[in-house]
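Data first, discussion second: the structure below is written as structure tokens.
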Amino acid sequence: MDQRRSTMRSRREEIQMTAYNSHLEIGVGYGETKRDMDYSDLLSRFHQHPEPVSSNKASAEDKQRAQSIMERSTTHGLLSFDANNRNKELAPYVRVSLKDDAQDVLKFVQANLYRHFGNRNYPAPSLILSVTGGAQSFDLPPRLRDAIKRGLTKAVASTDAWVVTGGTHSGVMQLTGSIMSDLLRDRFVPVVGVITWGILKDRKEMEQPQYRAKPYVVQDQMFKCPDHNHNMFVFVDSGIDDFGGEIEVRAQFEQAARVEYNAPTITIVIQGGPGTMKTAMESVRAGNPIVVVDGSGLAADVLAYAYQFLHSGNSRHRSHTVQELKAIIATQFAHLPGDKQVDLMHQAFECVRQPDLVYVFNAQDSNSDAIDETILNAIFYGSRDVDLTKKLEQAMNFDRLDIASRVLRQGGAKVNSTMLNHNFIMAMKKNKPDFVGLYLEHGASLATVKVEHANDVNNPSASSIENPANFGKGSRGTPSSEMESADAVPCTHAVEELYRSHASRDDSHVSVLVKLLRKKVNLSDTKRKYRVLNMEKVLGALVDRNFDIKRDFQAWDTKSKAEQEVVASHMFLMYAICVNKYRMAEMFWQRTDQSISNALIASKILRTLGEHKALSGSHMADERAKMLHNSEKFEQLAVGVLSECYSTDTTKTAQMLSEPIAMFRGKNAVRVAYDSNCLRFLSHPAVQAVVNRDWYGSLKGISSWYFALVAIFLPFLIPFVKFADDDAAVQEQERTDIQLYIKSVEEGGPAGARANVPWWRRAISKISRFYNAPYPRFVIDCVMHLALCCVFSIMTMDRFEDELSVFEIIVAIWFLSLIVEELRQSNFLLEAKEYWEDVWNRLDVFLLTLYVIGFILRVHAKTVYSFVAVCLWLRLMRYYAVSPNLGPKLIMMGRMIRDVLVFVFLVIVFYFGFGVMSQALLYPDRRLDDETFENVIFRPYFQIYGELFLEDISVEANCVGDGLFRSCGGTSAWMVLPLLALYILVTNILLVNLLIAMFSDTYARVQSEAVALWHKQNYNLYLEYKERPLLPAPLILIQHVYMLITFILQLCKCGGKQEDHTHEADLDDLRIFQETNTDKFLDELHKEKTGTLENRVSKQLALIRDLHNRNEMLQEQLTHSQLAADRNFHTLRTDIAVLSALQQESISEADSMHRLDSNSMALVASRQKNEASRWFPDPVYPGSKMQRFAVAPEQVDWSMSLPGYNPIEYTHPSVAKGPEWADPADPRAINFNAVANGVDRRSCYQTKFWVDTETGRPRNPHGRTGMTGRGLLGKWGVNWAADPVVTRWRRAANGTLLERDGRKVLEFIAIERSDNGGWAIPGGFRDRGEKMDTAVARELIEETMDGFDEMSPQDQQPIKELLTQGQMVATIYSHDNRNTDNAWIETVCVNFHDDENRYTSKIQLRAGSDARNCQWMMVHSGIKVFASHHRLLKLVAQKHNAYF
């Protein structure tokens, strides 16, 4: 077996390798439909380095040299894994360099996706998930691991996502691969591994075209193997065998994919080290949001803490401080040196600086499944470049209606009809009814919705749709003009695409349904069999043979928008019904007119589909049950609307039910309900009132059938019969008389003039209405059938003569008229199937056939006629149907006959078995004869009812003796007696009682719906007698001749057909009446649903959760307040102790002040000395390649001896040119340590700085810098700068003031410098002759409020008011890398604090001048800012007693 598996595996790999080679030779397009690049040409674009050098042993020069040598990449092929994954496809891989184009890497992935999907287009990614994290020791808590697994699975399964990881079989990459392996069993998910080439084990083997990976688990921490659950690999050759070499290429690839597909890219950070931190930073810099899994450890925990420190007021930590973050970093990364830990902290703060790009998931604070929600939040609020269409698509994938609704509300002008229509179609395909309703609420138009077929290039249906030349062609079932008119309507293509999309699914019944019914409805368009007209023919066939949905597409442009929306809603309703999407169908049903009829049609279609063979099979059992359940729900909707209408106005309701519906071939709502078998609807009082009115023909005075019979034969009595509308006619006549009287009085004519209708005309009208009513026809037909039964019975009992008697001739004519009437019903009124389904029609055909046989065979006519007589008397029960007592009993009898058939099939087994056995045992020597069959058939049957025939059987078997069946001829005859007892036990006791139980169950079931079935039966009777001729048989032949002549005249167009049209205003009134009551019913239904106990409980639970969250927030704020109070109390006690000590000192005030000044000066000198010993500029001067003279930190101070100090002379060319703002090259004429010519050349140091008398150059009071000259600074000596610090109190996302360590937190306006990309306080150099306060205001406006001069006075006002709030903080020496031994920067810091956010809330920041960006940033000690700005921020925080 193992050998066979190995052989099969090798064969499969050989096939895949052959396909790969042909892939290289022939060339496969990498785009969605393009083939403009050969695959081998694509591979030739990649490069590689020689063997990677060691990151630990090689020098910097060796690394740089290795990275500079490049050659064409020859490493590519297919990667296979061991036998544990024998069913897995080979994974393509390629080796690239850092300098290769990321677009080519993307094309490599696209080409292999195209190869996998063959001729089909691969789905464009709607989401790119980049998972990064720990690659070494990787351990997660079980609960967190399960949460990550569920979240990633849901995120990928809900979208067409690409997954990108580090690709190795270790750490988070292995975890991600194992999660994806479950999904890969059912669908293909691109899982791309981007791995540093230098860390791969067995790199030499991978240089072959095909490589089989070694066992996955590698103990070596340095070298790794590819993970077997990835299906594509990109090996990044950085020239060094160290982790992290792939980060840059990976970030570029993800960015290229995001731009190519307009898909959001989300980076998920799980654990990880410095490389993970770098990956996260690259993602944030590219504008891609990151999801940080808090609690997973290492870099993820650092990022989560940094984010919560900067932005959050609530987390799993008790408090947030920079010191605690440093402690976390020191604990998690103890192996890193101190400066690396500080760099890691700064990187963390840089990553989380923008709160909309960082989303923290913590399993303790949220649901264990909430990571997918965190990913969705990142997509919506963090993906800036992704358009609304993609975001709404993701909301559908994650089923987050609340987020989609919020995006649409906030979208503004970005929300357009094209976007709404696109997402509407997506929601329809994905069965998202809530989203469908949302898009419709925001303006999606059903009448104008269009479908795009860009992704269906290989779909012939799509190409036919898009080609106008194909409109109306290839369909013989529907006229071409009608097809062309339908194709001109945009929404028909959308509905067709929905049908086609659903039919393409493996579990769809739509394609089977069309295949089974295409001949029946005459569909011949094989290319576009899912056209709207074709599909609605199919659905109409499920309702009735003559049922057809009529739409006037030719007059589409003449319809109003509202009418177009109604028609389009009905088309989408039919689609939703066909695919059994109830909620969606209900939504479209609410948007249509004729709500009652549409609900009934939906019920009928669903009921028929649930019983149709298109859904046969056990795998469709649930779907069938769901369809039948949805059918009942639609019937409930129809009944609900009808009840609302009936309670409002009974007269209008009757008119509404009787009004023909043009779209349904003139059938009214009651007939539609009958066709749909909606029993509850037919039993509704409103329907029964209409049916009774039509049945009796508005007769009012007839209360019994015999009175009607008398009136039938005595027509002169009919004018004296009262009709239901007689009172209305009298009232109308009275109104007419009053109007005529008033008119005659006004004209001066004789009073009392009236226009009476002649009595004979009224009498004729009553007679006509009486005979046209179905009820009189039914009565006379019943009487005539009873007469036929009597006449035929007399004829049958009499002796037949050779010649036909008078009775026989009369009966023959009678039966002839009955035969003609049955032919008329079966051919002209009903379909053959529908006709044959009626049991009474089957009985009619049977007795008529028997009569014809008996009439032809007169020799045996009496025998045949006896059966005909029985059938005639049985047929008399048909007239019992109108009786409320007998009618339901007939239905019960029919149902019980089915139970009898079941009983017969059960008993026949024992019946024949016992009969054959007893005959064989009693008569072993008897030959087969007629008596044998009689004994086998008749005796067991009567024995069931107790007639045992024991004595007869004993005599016939020659048994003698006192007891039965003793001394018989056969030795085995004695066995008959116990077997007979067993037979009687089974048949008489068991099966007969089973039959009784079945009868009881049937009676109970039918009793519950007997009235409804009786109502349906009566309506069927009404339909029969409504179309039945007036004259009864045999006189009906006269009317048949008349009908035949009329039919011929109509065919010759010699006669016209009078049509009755209801006034258009009345139709509109009825339509509005129905729509109004439908809305009322839906409102009541909504109130009922929202008022249920379950909804109330859920609301209470939501309220409890909200109160719980608020309670936790209050407790945390209380804890912070208590800590702050304790700290303030401790500070107060310390201050009191100090004051007490000062009071006890007996020294004079002057001496105290002198001593204080001396101590202050000493403190300043000591601080400057400490600063001098700590800070030295960067070795390379900014903006150049000039290297400073190296100086040890302890030798920076001028007081320290440094023999051989030989600084480099450097002045930047832009300064050396002598611009207006720069000093002359020779400084000897400048008066330093003073204010001269509008330039302040004094230093903030207490003592004057030293100036060289020979060169005139000043000396930097801070100490040595390793460079002389001016560098980039324009002035010799002090270059004064102005640094405005605008601050306000920082607030959390919920609006509360943010506190850290018991103190409020400041935030300031920061700018991102364009020269070095670092963050800084806005500021710049003071111009010549410029006041300091002016310089401060100018720099602030230039760098953070670009376009200030173009602002309106209202917008300038808060800025001007803010600038009046400035307070001097400090003047300090700036630790700027531009400083030299002869030129340095000192700055003045002015703080503009907006304590109540009064001014800054009205200011819109806009970067200008040399600032690349500007934003509010938190003031804290861990911030990394330019030069000495860190110190200035600390002074500002101390000034406001804020956290730092």
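Here, A, B, ... name the chains of the structure tokens in the order displayed, residue numbers run from 1 inside each chain, and ligands are numbered from 1 in the same displayed order.
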
Selection: 8 Å around segment 1361-1370 of chain A, only C-alpha atoms, excl. self and same-chain fewer than 3 positions, as an MDAnalysis selection string: chainID A and resid 1337 1357:1358 1388:1394 1399:1400 1432 1435:1436 1439

Surrounding residues of segment 624-632 of chain A excluding itself and chain neighbours under 3 positions, 6 Å, only C-alpha atoms, as an MDAnalysis selection string: chainID A and resid 603 606:607 610 621 635

Output of the above residues as a short mmCIF file (atom, residue, chain, number, x, y, z; two decimals), in the first residue's frame, restricted to N, CA and C atoms:
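For reference, part.cif as written:
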```
data_model
loop_
_atom_site.label_atom_id
_atom_site.label_comp_id
_atom_site.auth_asym_id
_atom_site.auth_seq_id
_atom_site.Cartn_x
_atom_site.Cartn_y
_atom_site.Cartn_z
N SER A 603 -46.50 31.99 -2.19
CA SER A 603 -46.84 30.79 -1.44
C SER A 603 -47.01 29.59 -2.37
N LEU A 606 -43.50 28.45 -3.84
CA LEU A 606 -42.69 27.78 -2.84
C LEU A 606 -43.27 26.40 -2.50
N ARG A 607 -44.60 26.31 -2.43
CA ARG A 607 -45.20 25.01 -2.12
C ARG A 607 -44.95 24.02 -3.25
N GLY A 610 -41.33 22.98 -3.24
CA GLY A 610 -41.05 22.06 -2.16
C GLY A 610 -41.46 20.64 -2.46
N ALA A 621 -33.64 17.66 1.57
CA ALA A 621 -34.78 17.55 2.49
C ALA A 621 -34.96 18.83 3.30
N GLU A 635 -48.40 32.95 3.00
CA GLU A 635 -49.85 32.90 3.11
C GLU A 635 -50.31 33.69 4.33
#
```

Segment 536-539 of chain A surroundings by only C-alpha atoms, 7 Å radius, close-in-sequence under 3 positions cut, as JSON, numbers by chain: {"A": [514, 517, 521, 532, 533, 542, 543, 548, 549, 605]}

Interatomic distance (Å, one decimal) between atom CA of Ile1038 of chain A and atom CA of Asp694 of chain A: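 Calculated distance between atom CA of Ile1038 of chain A and atom CA of Asp694 of chain A is 25.5 Å.
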